[in-house]
file start_4.txt (compact mmCIF, C-alpha atoms)
# COMPACT_ATOMS: atom_id res chain seq x y z
CA MET A 752 7.73 11.01 -103.67
CA SER A 753 10.91 9.72 -102.10
CA LYS A 754 11.42 6.02 -101.43
CA LYS A 755 11.88 6.67 -97.73
CA THR A 756 8.51 8.40 -97.53
CA SER A 757 6.91 5.66 -99.57
CA LEU A 758 8.24 2.88 -97.32
CA ARG A 759 7.24 4.88 -94.25
CA GLU A 760 3.75 5.21 -95.72
CA VAL A 761 3.51 1.45 -96.28
CA GLU A 762 4.70 0.89 -92.71
CA LYS A 763 2.14 3.36 -91.33
CA ARG A 764 -0.68 1.88 -93.41
CA THR A 765 0.22 -1.59 -92.16
CA TYR A 766 0.24 -0.41 -88.56
CA MET A 767 -3.07 1.41 -89.00
CA SER A 768 -4.74 -1.60 -90.57
CA TYR A 769 -3.71 -3.74 -87.62
CA HIS A 770 -5.24 -1.28 -85.13
CA GLN A 771 -8.46 -0.53 -87.01
CA ASP A 772 -10.32 -3.04 -84.83
CA GLY A 773 -10.85 -0.53 -81.99
CA LEU A 774 -9.43 -2.86 -79.32
CA LEU A 775 -6.67 -0.41 -78.46
CA ASP A 776 -9.29 2.29 -77.92
CA ILE A 777 -11.46 0.05 -75.74
CA PHE A 778 -8.54 -0.83 -73.47
CA VAL A 779 -7.12 2.72 -73.29
CA GLY A 780 -10.64 4.04 -72.61
CA ALA A 781 -11.14 1.40 -69.89
CA TYR A 782 -7.83 2.47 -68.31
CA VAL A 783 -8.86 6.13 -68.18
CA LEU A 784 -12.36 5.20 -66.97
CA LEU A 785 -11.03 2.97 -64.17
CA PHE A 786 -8.56 5.68 -63.19
CA GLY A 787 -11.49 8.09 -62.84
CA LEU A 788 -13.54 5.50 -60.93
CA GLY A 789 -10.57 4.90 -58.62
CA ILE A 790 -10.38 8.60 -57.74
CA LEU A 791 -14.16 8.71 -57.28
CA PHE A 792 -14.04 5.63 -55.05
CA THR A 793 -11.24 7.18 -53.00
CA ALA A 794 -13.24 10.40 -52.58
CA VAL A 795 -16.36 8.51 -51.48
CA THR A 796 -14.84 5.84 -49.23
CA ASP A 797 -11.61 7.44 -48.03
CA PHE A 798 -9.83 4.26 -49.11
CA SER A 799 -6.98 5.32 -51.41
CA MET A 800 -7.00 3.04 -54.42
CA TRP A 801 -6.59 5.44 -57.33
CA PHE A 802 -2.85 4.79 -57.48
CA VAL A 803 -3.38 1.00 -57.63
CA ILE A 804 -5.03 1.08 -61.05
CA PRO A 805 -2.08 2.35 -63.12
CA GLY A 806 0.01 -0.55 -61.80
CA ILE A 807 -2.49 -3.40 -61.77
CA PHE A 808 -4.50 -2.64 -64.90
CA PRO A 809 -1.77 -3.19 -67.52
CA ALA A 810 -0.66 -6.43 -65.83
CA ILE A 811 -4.20 -7.82 -66.06
CA MET A 812 -5.32 -6.27 -69.31
CA VAL A 813 -2.33 -6.90 -71.57
CA PRO A 814 -2.82 -10.71 -71.58
CA ILE A 815 -6.57 -10.17 -72.11
CA TRP A 816 -5.84 -7.75 -74.98
CA VAL A 817 -3.54 -10.29 -76.63
CA SER A 818 -6.13 -13.04 -76.25
CA VAL A 819 -8.96 -10.89 -77.69
CA LYS A 820 -6.68 -9.84 -80.56
CA LYS A 821 -6.06 -13.53 -81.30
CA ARG A 822 -9.76 -14.36 -81.28
CA ILE A 823 -11.17 -11.33 -83.11
CA THR A 824 -8.52 -9.63 -85.23
CA MET A 825 -6.14 -12.36 -86.37
CA PRO A 826 -8.74 -14.77 -87.80
CA ARG A 827 -10.13 -11.89 -89.88
CA ILE A 828 -7.13 -9.98 -91.21
CA GLY A 829 -4.24 -12.24 -90.27
CA TYR A 830 -1.16 -11.72 -88.17
CA VAL A 831 1.78 -9.39 -88.54
CA GLU A 832 4.90 -8.91 -86.44
CA PHE A 833 6.34 -5.43 -86.65
CA GLY A 834 9.88 -6.10 -85.54
CA SER A 835 12.20 -4.16 -83.31
CA ARG A 836 12.07 -0.78 -85.10
CA GLY A 837 8.51 0.00 -83.99
CA ALA A 838 9.16 -1.44 -80.53
CA ASN A 839 12.28 0.74 -80.21
CA LYS A 840 10.26 3.85 -81.04
CA LEU A 841 7.64 3.01 -78.42
CA MET A 842 10.42 2.28 -75.91
CA ALA A 843 11.92 5.71 -76.72
CA ILE A 844 8.54 7.28 -75.95
CA PHE A 845 8.26 5.43 -72.64
CA ILE A 846 11.78 6.50 -71.65
CA GLY A 847 10.95 10.06 -72.70
CA LEU A 848 7.80 9.97 -70.59
CA MET A 849 9.71 8.62 -67.60
CA VAL A 850 12.28 11.41 -67.94
CA ALA A 851 9.45 13.95 -68.24
CA GLY A 852 7.79 12.40 -65.16
CA LEU A 853 11.04 12.69 -63.25
CA GLY A 854 11.28 16.32 -64.36
CA VAL A 855 7.76 17.01 -63.08
CA PHE A 856 8.62 15.26 -59.80
CA MET A 857 11.75 17.44 -59.44
CA VAL A 858 9.72 20.59 -60.12
CA PHE A 859 7.19 19.57 -57.45
CA THR A 860 9.98 18.73 -54.99
CA PHE A 861 11.58 22.13 -55.50
CA ALA A 862 8.20 23.81 -55.46
CA SER A 863 7.42 22.37 -52.03
CA ARG A 864 10.43 24.15 -50.53
CA SER A 865 9.77 27.35 -48.73
CA GLN A 866 11.71 29.81 -50.91
CA ALA A 867 9.58 32.55 -52.36
CA TRP A 868 10.14 31.55 -55.99
CA ALA A 869 9.36 27.92 -55.18
CA LEU A 870 6.12 28.92 -53.50
CA THR A 871 5.19 31.06 -56.50
CA LEU A 872 5.90 28.11 -58.78
CA ARG A 873 3.86 25.80 -56.59
CA ASN A 874 0.91 28.18 -56.57
CA LEU A 875 1.21 28.55 -60.33
CA ILE A 876 1.10 24.77 -60.78
CA ILE A 877 -1.82 24.32 -58.39
CA SER A 878 -3.85 27.18 -59.81
CA ASN A 879 -3.34 25.93 -63.40
CA GLY A 880 -3.35 22.22 -62.60
CA MET A 881 -6.16 21.30 -65.00
CA ILE A 882 -4.54 23.10 -67.93
CA ILE A 883 -1.15 21.51 -67.18
CA ILE A 884 -2.66 18.00 -66.98
CA GLY A 885 -4.62 18.67 -70.19
CA ILE A 886 -1.52 19.83 -72.08
CA GLY A 887 0.49 16.88 -70.76
CA ALA A 888 -2.18 14.33 -71.72
CA ALA A 889 -2.65 15.91 -75.16
CA ALA A 890 1.12 15.90 -75.73
CA ILE A 891 1.41 12.22 -74.77
CA SER A 892 -1.57 11.31 -76.94
CA SER A 893 -0.13 13.24 -79.91
CA LEU A 894 3.25 11.57 -79.44
CA PHE A 895 1.65 8.13 -79.69
CA ALA A 896 -0.53 9.30 -82.60
CA TYR A 897 2.55 10.41 -84.53
CA THR A 898 4.59 7.31 -83.75
CA MET A 899 1.82 4.82 -84.41
CA GLY A 900 0.27 6.73 -87.31
CA LEU A 901 -3.15 6.59 -85.64
CA LYS A 902 -4.83 9.92 -86.32
CA ARG A 903 -7.72 9.32 -83.93
CA LEU A 904 -5.27 9.60 -81.01
CA TYR A 905 -4.84 13.28 -81.98
CA VAL A 906 -8.61 13.66 -81.58
CA TYR A 907 -8.48 12.03 -78.13
CA GLY A 908 -5.65 14.40 -77.22
CA LEU A 909 -7.65 17.41 -78.40
CA LEU A 910 -10.73 16.22 -76.51
CA THR A 911 -8.68 15.83 -73.33
CA LEU A 912 -7.16 19.28 -73.77
CA ALA A 913 -10.57 20.88 -74.42
CA LEU A 914 -12.19 19.18 -71.41
CA PHE A 915 -9.35 19.98 -69.02
CA PHE A 916 -9.18 23.54 -70.33
CA ALA A 917 -12.90 23.87 -69.62
CA GLY A 918 -12.25 22.26 -66.23
CA HIS A 919 -9.97 25.16 -65.38
CA PHE A 920 -12.98 27.48 -65.45
CA ILE A 921 -15.74 25.14 -64.29
CA THR A 922 -15.39 23.59 -60.86
CA ILE A 923 -16.15 19.93 -61.51
CA PRO A 924 -13.97 17.26 -59.85
CA LEU A 925 -11.17 15.77 -61.99
CA GLU A 926 -12.64 12.24 -61.89
CA TYR A 927 -15.73 13.30 -63.87
CA PHE A 928 -13.52 14.56 -66.68
CA LEU A 929 -11.64 11.25 -66.69
CA LEU A 930 -14.92 9.30 -66.71
CA THR A 931 -16.18 11.35 -69.68
CA ILE A 932 -12.95 10.93 -71.69
CA GLY A 933 -12.77 7.21 -70.89
CA LEU A 934 -16.39 6.66 -71.94
CA VAL A 935 -15.98 8.57 -75.22
CA ILE A 936 -12.85 6.53 -76.11
CA ILE A 937 -14.55 3.22 -75.19
CA ILE A 938 -17.67 4.04 -77.23
CA ASN A 939 -15.53 4.97 -80.24
CA GLY A 940 -13.59 1.73 -79.76
CA PHE A 941 -16.80 -0.33 -79.86
CA VAL A 942 -18.01 1.54 -82.96
CA LEU A 943 -14.67 0.74 -84.67
CA LEU A 944 -14.91 -2.89 -83.52
CA MET A 945 -18.43 -3.31 -84.95
CA ARG A 946 -17.32 -1.73 -88.22
CA PHE A 947 -14.26 -3.97 -88.32
CA ILE A 948 -16.29 -7.16 -87.72
CA ARG A 949 -18.75 -6.16 -90.46
CA LYS A 950 -15.99 -5.24 -92.89
CA TYR A 951 -13.95 -8.38 -92.29
CA PRO A 952 -16.19 -11.40 -91.71
CA LEU A 953 -14.51 -14.67 -90.76
CA PRO A 954 -13.21 -16.45 -93.87
CA GLN A 955 -15.42 -19.39 -94.80
CA GLY A 956 -14.97 -22.47 -96.99
CA ASP A 957 -12.25 -22.20 -99.64
CA GLU A 958 -11.38 -18.72 -98.46
CA ALA A 959 -10.44 -20.11 -95.05
CA ASN A 960 -7.98 -22.52 -96.64
CA ALA A 961 -6.60 -20.06 -99.21
CA GLU A 962 -2.99 -20.66 -98.20
CA LYS A 963 -3.26 -24.35 -99.07
CA SER A 964 -2.52 -23.32 -102.66
CA LEU A 965 0.96 -22.26 -101.58
CA MET B 808 18.69 7.42 -122.52
CA PRO B 809 20.45 7.13 -119.14
CA LYS B 810 24.15 8.16 -119.06
CA ASN B 811 25.08 4.66 -118.09
CA PRO B 812 22.61 2.14 -119.58
CA SER B 813 24.40 -0.73 -117.83
CA ASN B 814 22.72 0.41 -114.59
CA LEU B 815 19.44 -0.79 -116.04
CA LYS B 816 20.91 -4.26 -116.30
CA ASN B 817 21.49 -4.24 -112.53
CA ILE B 818 17.78 -3.97 -111.85
CA ASP B 819 16.56 -7.21 -110.32
CA ARG B 820 13.81 -8.32 -112.70
CA LEU B 821 12.35 -10.73 -110.17
CA ILE B 822 11.63 -7.85 -107.78
CA HIS B 823 10.82 -5.36 -110.53
CA GLU B 824 7.57 -7.13 -111.44
CA PRO B 825 4.86 -4.88 -109.85
CA THR B 826 3.06 -7.57 -107.83
CA ARG B 827 6.28 -9.03 -106.46
CA LEU B 828 7.54 -5.51 -105.71
CA MET B 829 4.39 -4.94 -103.61
CA ILE B 830 4.97 -8.22 -101.75
CA MET B 831 8.65 -7.40 -101.13
CA THR B 832 7.80 -3.86 -99.98
CA GLN B 833 5.14 -5.11 -97.60
CA LEU B 834 7.42 -7.75 -96.11
CA TYR B 835 10.35 -5.30 -95.93
CA VAL B 836 8.53 -2.99 -93.49
CA VAL B 837 7.56 -5.79 -91.09
CA GLU B 838 9.37 -8.61 -89.34
CA SER B 839 6.93 -11.26 -90.60
CA ALA B 840 3.32 -11.60 -91.67
CA ASP B 841 0.98 -14.45 -92.37
CA PHE B 842 -0.65 -15.31 -95.68
CA LEU B 843 -4.05 -13.86 -94.74
CA PHE B 844 -2.58 -10.54 -93.66
CA LEU B 845 -0.60 -10.19 -96.87
CA GLN B 846 -3.62 -11.12 -98.94
CA HIS B 847 -5.73 -8.43 -97.22
CA GLN B 848 -3.05 -5.76 -97.43
CA LEU B 849 -2.32 -6.34 -101.10
CA GLN B 850 -5.90 -7.18 -102.11
CA MET B 851 -4.78 -10.21 -104.09
CA THR B 852 -6.37 -13.57 -104.83
CA SER B 853 -4.80 -16.50 -103.01
CA GLY B 854 -3.72 -18.16 -106.26
CA ASN B 855 -1.98 -15.03 -107.53
CA LEU B 856 -0.26 -14.41 -104.19
CA SER B 857 0.82 -18.05 -103.93
CA SER B 858 2.39 -18.12 -107.38
CA HIS B 859 4.42 -14.95 -106.77
CA LEU B 860 5.47 -16.11 -103.31
CA SER B 861 6.69 -19.39 -104.77
CA LYS B 862 8.92 -17.50 -107.20
CA LEU B 863 10.32 -15.34 -104.42
CA GLU B 864 10.89 -18.43 -102.28
CA GLU B 865 12.73 -20.16 -105.14
CA ALA B 866 15.03 -17.13 -105.41
CA GLY B 867 15.70 -17.37 -101.66
CA TYR B 868 14.14 -13.96 -100.99
CA VAL B 869 11.20 -15.14 -98.91
CA GLU B 870 11.05 -17.74 -96.18
CA ILE B 871 7.76 -19.63 -95.96
CA VAL B 872 7.00 -21.45 -92.72
CA LYS B 873 3.97 -23.75 -92.73
CA GLU B 874 2.46 -25.05 -89.50
CA PHE B 875 -0.85 -26.03 -87.96
CA ILE B 876 -2.40 -23.81 -85.30
CA GLU B 877 -5.50 -25.28 -83.65
CA ARG B 878 -5.74 -27.81 -86.51
CA LYS B 879 -5.81 -25.07 -89.13
CA PRO B 880 -3.01 -24.48 -91.66
CA HIS B 881 -1.05 -21.33 -90.97
CA THR B 882 1.63 -19.88 -93.22
CA THR B 883 4.13 -17.30 -91.98
CA LEU B 884 6.16 -15.29 -94.46
CA LYS B 885 9.28 -13.24 -93.95
CA LEU B 886 12.07 -11.79 -96.02
CA THR B 887 15.35 -13.66 -95.75
CA LYS B 888 18.64 -11.81 -95.27
CA LYS B 889 19.26 -12.33 -98.97
CA GLY B 890 15.80 -10.92 -99.73
CA ARG B 891 16.38 -7.79 -97.62
CA LYS B 892 19.76 -7.23 -99.24
CA ALA B 893 18.28 -7.72 -102.71
CA PHE B 894 15.50 -5.24 -101.95
CA ARG B 895 17.96 -2.59 -100.71
CA GLU B 896 20.13 -3.10 -103.80
CA TYR B 897 17.05 -2.85 -106.00
CA GLN B 898 16.21 0.50 -104.33
CA GLN B 899 19.73 1.82 -104.87
CA ASN B 900 19.95 0.64 -108.46
CA LEU B 901 16.59 2.12 -109.35
CA LYS B 902 17.58 5.40 -107.74
CA GLN B 903 20.81 5.34 -109.74
CA VAL B 904 18.94 4.76 -113.01
CA PHE B 905 16.70 7.76 -112.37
CA SER B 906 19.54 10.00 -111.25
CA ASP B 907 21.41 9.13 -114.49
CA LEU B 908 18.52 10.34 -116.64
CA PRO B 909 19.12 13.72 -118.29
CA LYS B 910 17.08 16.55 -116.77

call {"tool": "encode", "arguments": {"input": "start_4.txt", "output": "structure tokens"}}
result
Amino acid sequence: MSKKTSLREVEKRTYMSYHQDGLLDIFVGAYVLLFGLGILFTAVTDFSMWFVIPGIFPAIMVPIWVSVKKRITMPRIGYVEFGSRGANKLMAIFIGLMVAGLGVFMVFTFASRSQAWALTLRNLIISNGMIIIGIGAAAISSLFAYTMGLKRLYVYGLLTLALFFAGHFITIPLEYFLLTIGLVIIINGFVLLMRFIRKYPLPQGDEANAEKSL
Amino acid sequence: MPKNPSNLKNIDRLIHEPTRLMIMTQLYVVESADFLFLQHQLQMTSGNLSSHLSKLEEAGYVEIVKEFIERKPHTTLKLTKKGRKAFREYQQNLKQVFSDLPK
């Protein structure tokens, strides 16, 4: 085993242990669920709000996530700061996603022109929309799974791909797929949270003041 | 025997001790961690962890910051520049020792 691999393993294990509390899953699941509810709400009321959620949700939920992490996770397993290397990797992913998004936007812009090839492309995208979204979501999920070392994100990616692939053949509105995926991720998050709380009870007595010996 | 036994002398004995090596490795892959986190990760008793951290602090490898958060003692630990350099040198020296061994 090379030293590089060994250090990478320690880094991954550390990252995994900090995200074993399920909070990440609960918040990601809530995001997907609200996105689905937004589309559903738009379809029912004609008031377009689905696009509001991607912008507002992180702004509201990130401070809540930090606060919950401070109250539940840190008193049980302590605090760790990962430094700029991990943050740089995540930033690289976000930039990559933005570039990919821009690419998709360009494809759609070209596809909306009236040339024959553009129309063919547009029809191809529309007729395979569910599969394309499924592949995109699974790819993003896998990218985060690889970077963060969280294997369950691969499972979420596979679930998304399977559901959207099925959605290509079964005519059920997109929002119901999002609601299903969101709910599954939230439920798994709560299961992980319960397990985490049972595994790591709050330190009591001498254990709570362990660092006094230092 | 290694081709150049003097390489063995370059091995930092303070880091080479298994428990301290685990502490150094853990702190090397993060920016900082608190006492509780390190204790959980390394599955060590507080007394054992404290004694090794004190030795690493004396050598200037680890910085220990003590403070009170919501009236509770909180200890943050991080590798110093000297500690990071020493760990990298330890890696290189150990690699050198093994590469000098006859196959």

call {"tool": "interface_residues", "arguments": {"input": "start_4.txt", "of": "chain A", "to": "chain B", "cutoff": "6 Å", "atoms": "only C-alpha atoms", "output": "ChimeraX atom specification"}}
result
/A:762,828-834,961,965

call {"tool": "atom_distance", "arguments": {"input": "start_4.txt", "atom1": "atom CA of A:Ala781", "atom2": "atom CA of A:Gly933"}}
result
6.1 Å

call {"tool": "residues_around", "arguments": {"input": "start_4.txt", "residues": "A:Leu953", "least_positions_apart": "6", "cutoff": "12 Å", "atoms": "all atoms listed in the file", "output": "list in words"}}
result
Arg822, Ile823, Thr824, Met825, Pro826, Arg827, Ile828, Gly829, Phe947, Ala959 and Asn960 of chain A; Leu843 of chain B

call {"tool": "atom_distance", "arguments": {"input": "start_4.txt", "atom1": "atom CA of A:Tyr782", "atom2": "atom CA of A:Ile804"}}
result
7.9 Å

call {"tool": "residues_around", "arguments": {"input": "start_4.txt", "residues": "A:Arg764", "least_positions_apart": "5", "cutoff": "9 Å", "atoms": "all atoms listed in the file", "output": "VMD selection string"}}
result
(chain A and resid 759 769 900) or (chain B and resid 848)

call {"tool": "atom_distance", "arguments": {"input": "start_4.txt", "atom1": "atom CA of A:Leu904", "atom2": "atom CA of A:Asp776"}}
result
8.9 Å

call {"tool": "residues_around", "arguments": {"input": "start_4.txt", "residues": "A:Gly885", "least_positions_apart": "5", "cutoff": "8 Å", "atoms": "only C-alpha atoms", "output": "list in words"}}
result
Thr911, Leu912, Ala913, Leu914, Phe915 and Phe916 of chain A

call {"tool": "closest_residue", "arguments": {"input": "start_4.txt", "among": "A:Arg873, A:Ile936, A:Leu784, A:Leu848", "to": "A:Thr860", "atoms": "all atoms listed in the file"}}
result
A:Arg873

call {"tool": "residues_near_point", "arguments": {"input": "start_4.txt", "point": "(-3.5, 17.0, -64.5)", "cutoff": "12 Å", "atoms": "only C-alpha atoms", "output": "PyMOL selection string"}}
result
chain A and resi 855+876-889+911-912+914-916+918-919+924-926+928-929

call {"tool": "write_last_selection", "arguments": {"input": "start_4.txt", "atoms": "C-alpha atoms", "output": "compact mmCIF listing (two decimals), in the frame of the given file"}}
result
# COMPACT_ATOMS: atom_id res chain seq x y z
CA VAL A 855 7.76 17.01 -63.08
CA ILE A 876 1.10 24.77 -60.78
CA ILE A 877 -1.82 24.32 -58.39
CA SER A 878 -3.85 27.18 -59.81
CA ASN A 879 -3.34 25.93 -63.40
CA GLY A 880 -3.35 22.22 -62.60
CA MET A 881 -6.16 21.30 -65.00
CA ILE A 882 -4.54 23.10 -67.93
CA ILE A 883 -1.15 21.51 -67.18
CA ILE A 884 -2.66 18.00 -66.98
CA GLY A 885 -4.62 18.67 -70.19
CA ILE A 886 -1.52 19.83 -72.08
CA GLY A 887 0.49 16.88 -70.76
CA ALA A 888 -2.18 14.33 -71.72
CA ALA A 889 -2.65 15.91 -75.16
CA THR A 911 -8.68 15.83 -73.33
CA LEU A 912 -7.16 19.28 -73.77
CA LEU A 914 -12.19 19.18 -71.41
CA PHE A 915 -9.35 19.98 -69.02
CA PHE A 916 -9.18 23.54 -70.33
CA GLY A 918 -12.25 22.26 -66.23
CA HIS A 919 -9.97 25.16 -65.38
CA PRO A 924 -13.97 17.26 -59.85
CA LEU A 925 -11.17 15.77 -61.99
CA GLU A 926 -12.64 12.24 -61.89
CA PHE A 928 -13.52 14.56 -66.68
CA LEU A 929 -11.64 11.25 -66.69

call {"tool": "residues_around", "arguments": {"input": "start_4.txt", "residues": "B:Lys889", "least_positions_apart": "6", "cutoff": "10 Å", "atoms": "only C-alpha atoms", "output": "count of residues only"}}
result
5

call {"tool": "residues_near_point", "arguments": {"input": "start_4.txt", "point": "(-10.5, 1.5, -75.1)", "cutoff": "10 Å", "atoms": "only C-alpha atoms", "output": "ChimeraX atom specification"}}
result
/A:773-784,933-941

call {"tool": "closest_residue", "arguments": {"input": "start_4.txt", "among": "A:Ala851, A:Met945, A:Lys763, A:Asp772", "to": "A:Trp816", "atoms": "only C-alpha atoms"}}
result
A:Asp772

call {"tool": "decode", "arguments": {"input": "start_4.txt", "residues": "stretch 825-892 of chain B", "atoms": "C-alpha atoms", "output": "PDB file, in the first residue's frame"}}
result
ATOM      1  CA  PRO B 825       2.882   4.109  16.543  1.00  0.00           C
ATOM      2  CA  THR B 826       0.399   6.123  18.615  1.00  0.00           C
ATOM      3  CA  ARG B 827       2.064   9.438  17.833  1.00  0.00           C
ATOM      4  CA  LEU B 828       2.293   8.437  14.170  1.00  0.00           C
ATOM      5  CA  MET B 829      -1.491   7.900  14.178  1.00  0.00           C
ATOM      6  CA  ILE B 830      -2.024  11.322  15.773  1.00  0.00           C
ATOM      7  CA  MET B 831       0.318  13.025  13.287  1.00  0.00           C
ATOM      8  CA  THR B 832      -1.316  11.236  10.326  1.00  0.00           C
ATOM      9  CA  GLN B 833      -4.789  12.200  11.465  1.00  0.00           C
ATOM     10  CA  LEU B 834      -3.840  15.841  11.987  1.00  0.00           C
ATOM     11  CA  TYR B 835      -1.889  15.923   8.699  1.00  0.00           C
ATOM     12  CA  VAL B 836      -5.012  15.222   6.600  1.00  0.00           C
ATOM     13  CA  VAL B 837      -7.106  17.946   8.251  1.00  0.00           C
ATOM     14  CA  GLU B 838      -6.662  21.622   9.003  1.00  0.00           C
ATOM     15  CA  SER B 839      -7.528  21.209  12.693  1.00  0.00           C
ATOM     16  CA  ALA B 840      -9.560  18.959  14.959  1.00  0.00           C
ATOM     17  CA  ASP B 841     -10.697  19.070  18.537  1.00  0.00           C
ATOM     18  CA  PHE B 842      -9.739  16.671  21.308  1.00  0.00           C
ATOM     19  CA  LEU B 843     -13.028  14.745  21.201  1.00  0.00           C
ATOM     20  CA  PHE B 844     -12.831  14.179  17.465  1.00  0.00           C
ATOM     21  CA  LEU B 845      -9.278  12.883  17.682  1.00  0.00           C
ATOM     22  CA  GLN B 846     -10.184  10.646  20.588  1.00  0.00           C
ATOM     23  CA  HIS B 847     -13.077   9.117  18.614  1.00  0.00           C
ATOM     24  CA  GLN B 848     -11.087   8.700  15.423  1.00  0.00           C
ATOM     25  CA  LEU B 849      -8.119   7.060  17.112  1.00  0.00           C
ATOM     26  CA  GLN B 850     -10.134   5.161  19.738  1.00  0.00           C
ATOM     27  CA  MET B 851      -7.798   6.247  22.517  1.00  0.00           C
ATOM     28  CA  THR B 852      -8.302   7.001  26.193  1.00  0.00           C
ATOM     29  CA  SER B 853      -8.087  10.676  27.110  1.00  0.00           C
ATOM     30  CA  GLY B 854      -5.050  10.111  29.335  1.00  0.00           C
ATOM     31  CA  ASN B 855      -3.126   8.290  26.622  1.00  0.00           C
ATOM     32  CA  LEU B 856      -4.014  10.885  23.989  1.00  0.00           C
ATOM     33  CA  SER B 857      -3.108  13.751  26.332  1.00  0.00           C
ATOM     34  CA  SER B 858       0.316  12.358  27.166  1.00  0.00           C
ATOM     35  CA  HIS B 859       1.256  11.851  23.502  1.00  0.00           C
ATOM     36  CA  LEU B 860      -0.103  15.264  22.530  1.00  0.00           C
ATOM     37  CA  SER B 861       1.990  16.878  25.256  1.00  0.00           C
ATOM     38  CA  LYS B 862       5.120  15.294  23.806  1.00  0.00           C
ATOM     39  CA  LEU B 863       4.243  16.466  20.311  1.00  0.00           C
ATOM     40  CA  GLU B 864       3.510  19.945  21.638  1.00  0.00           C
ATOM     41  CA  GLU B 865       6.876  20.050  23.437  1.00  0.00           C
ATOM     42  CA  ALA B 866       8.590  19.199  20.147  1.00  0.00           C
ATOM     43  CA  GLY B 867       6.695  22.061  18.478  1.00  0.00           C
ATOM     44  CA  TYR B 868       4.851  19.701  16.132  1.00  0.00           C
ATOM     45  CA  VAL B 869       1.349  20.293  17.460  1.00  0.00           C
ATOM     46  CA  GLU B 870      -0.346  23.513  18.464  1.00  0.00           C
ATOM     47  CA  ILE B 871      -2.867  23.169  21.286  1.00  0.00           C
ATOM     48  CA  VAL B 872      -5.413  25.946  21.720  1.00  0.00           C
ATOM     49  CA  LYS B 873      -7.555  25.833  24.853  1.00  0.00           C
ATOM     50  CA  GLU B 874     -10.695  27.927  25.183  1.00  0.00           C
ATOM     51  CA  PHE B 875     -14.140  27.875  26.737  1.00  0.00           C
ATOM     52  CA  ILE B 876     -17.188  27.500  24.513  1.00  0.00           C
ATOM     53  CA  GLU B 877     -20.517  27.913  26.313  1.00  0.00           C
ATOM     54  CA  ARG B 878     -18.682  27.472  29.650  1.00  0.00           C
ATOM     55  CA  LYS B 879     -17.225  24.138  28.581  1.00  0.00           C
ATOM     56  CA  PRO B 880     -13.505  23.537  27.977  1.00  0.00           C
ATOM     57  CA  HIS B 881     -12.671  23.064  24.325  1.00  0.00           C
ATOM     58  CA  THR B 882      -9.282  22.072  22.957  1.00  0.00           C
ATOM     59  CA  THR B 883      -8.356  22.551  19.309  1.00  0.00           C
ATOM     60  CA  LEU B 884      -5.348  20.756  17.872  1.00  0.00           C
ATOM     61  CA  LYS B 885      -3.440  21.393  14.679  1.00  0.00           C
ATOM     62  CA  LEU B 886      -0.082  20.569  13.191  1.00  0.00           C
ATOM     63  CA  THR B 887       2.363  23.451  13.176  1.00  0.00           C
ATOM     64  CA  LYS B 888       4.435  24.265  10.085  1.00  0.00           C
ATOM     65  CA  LYS B 889       7.329  22.514  11.789  1.00  0.00           C
ATOM     66  CA  GLY B 890       5.087  19.501  12.457  1.00  0.00           C
ATOM     67  CA  ARG B 891       3.953  19.271   8.817  1.00  0.00           C
ATOM     68  CA  LYS B 892       7.535  19.555   7.603  1.00  0.00           C
TER      69      LYS B 892
END
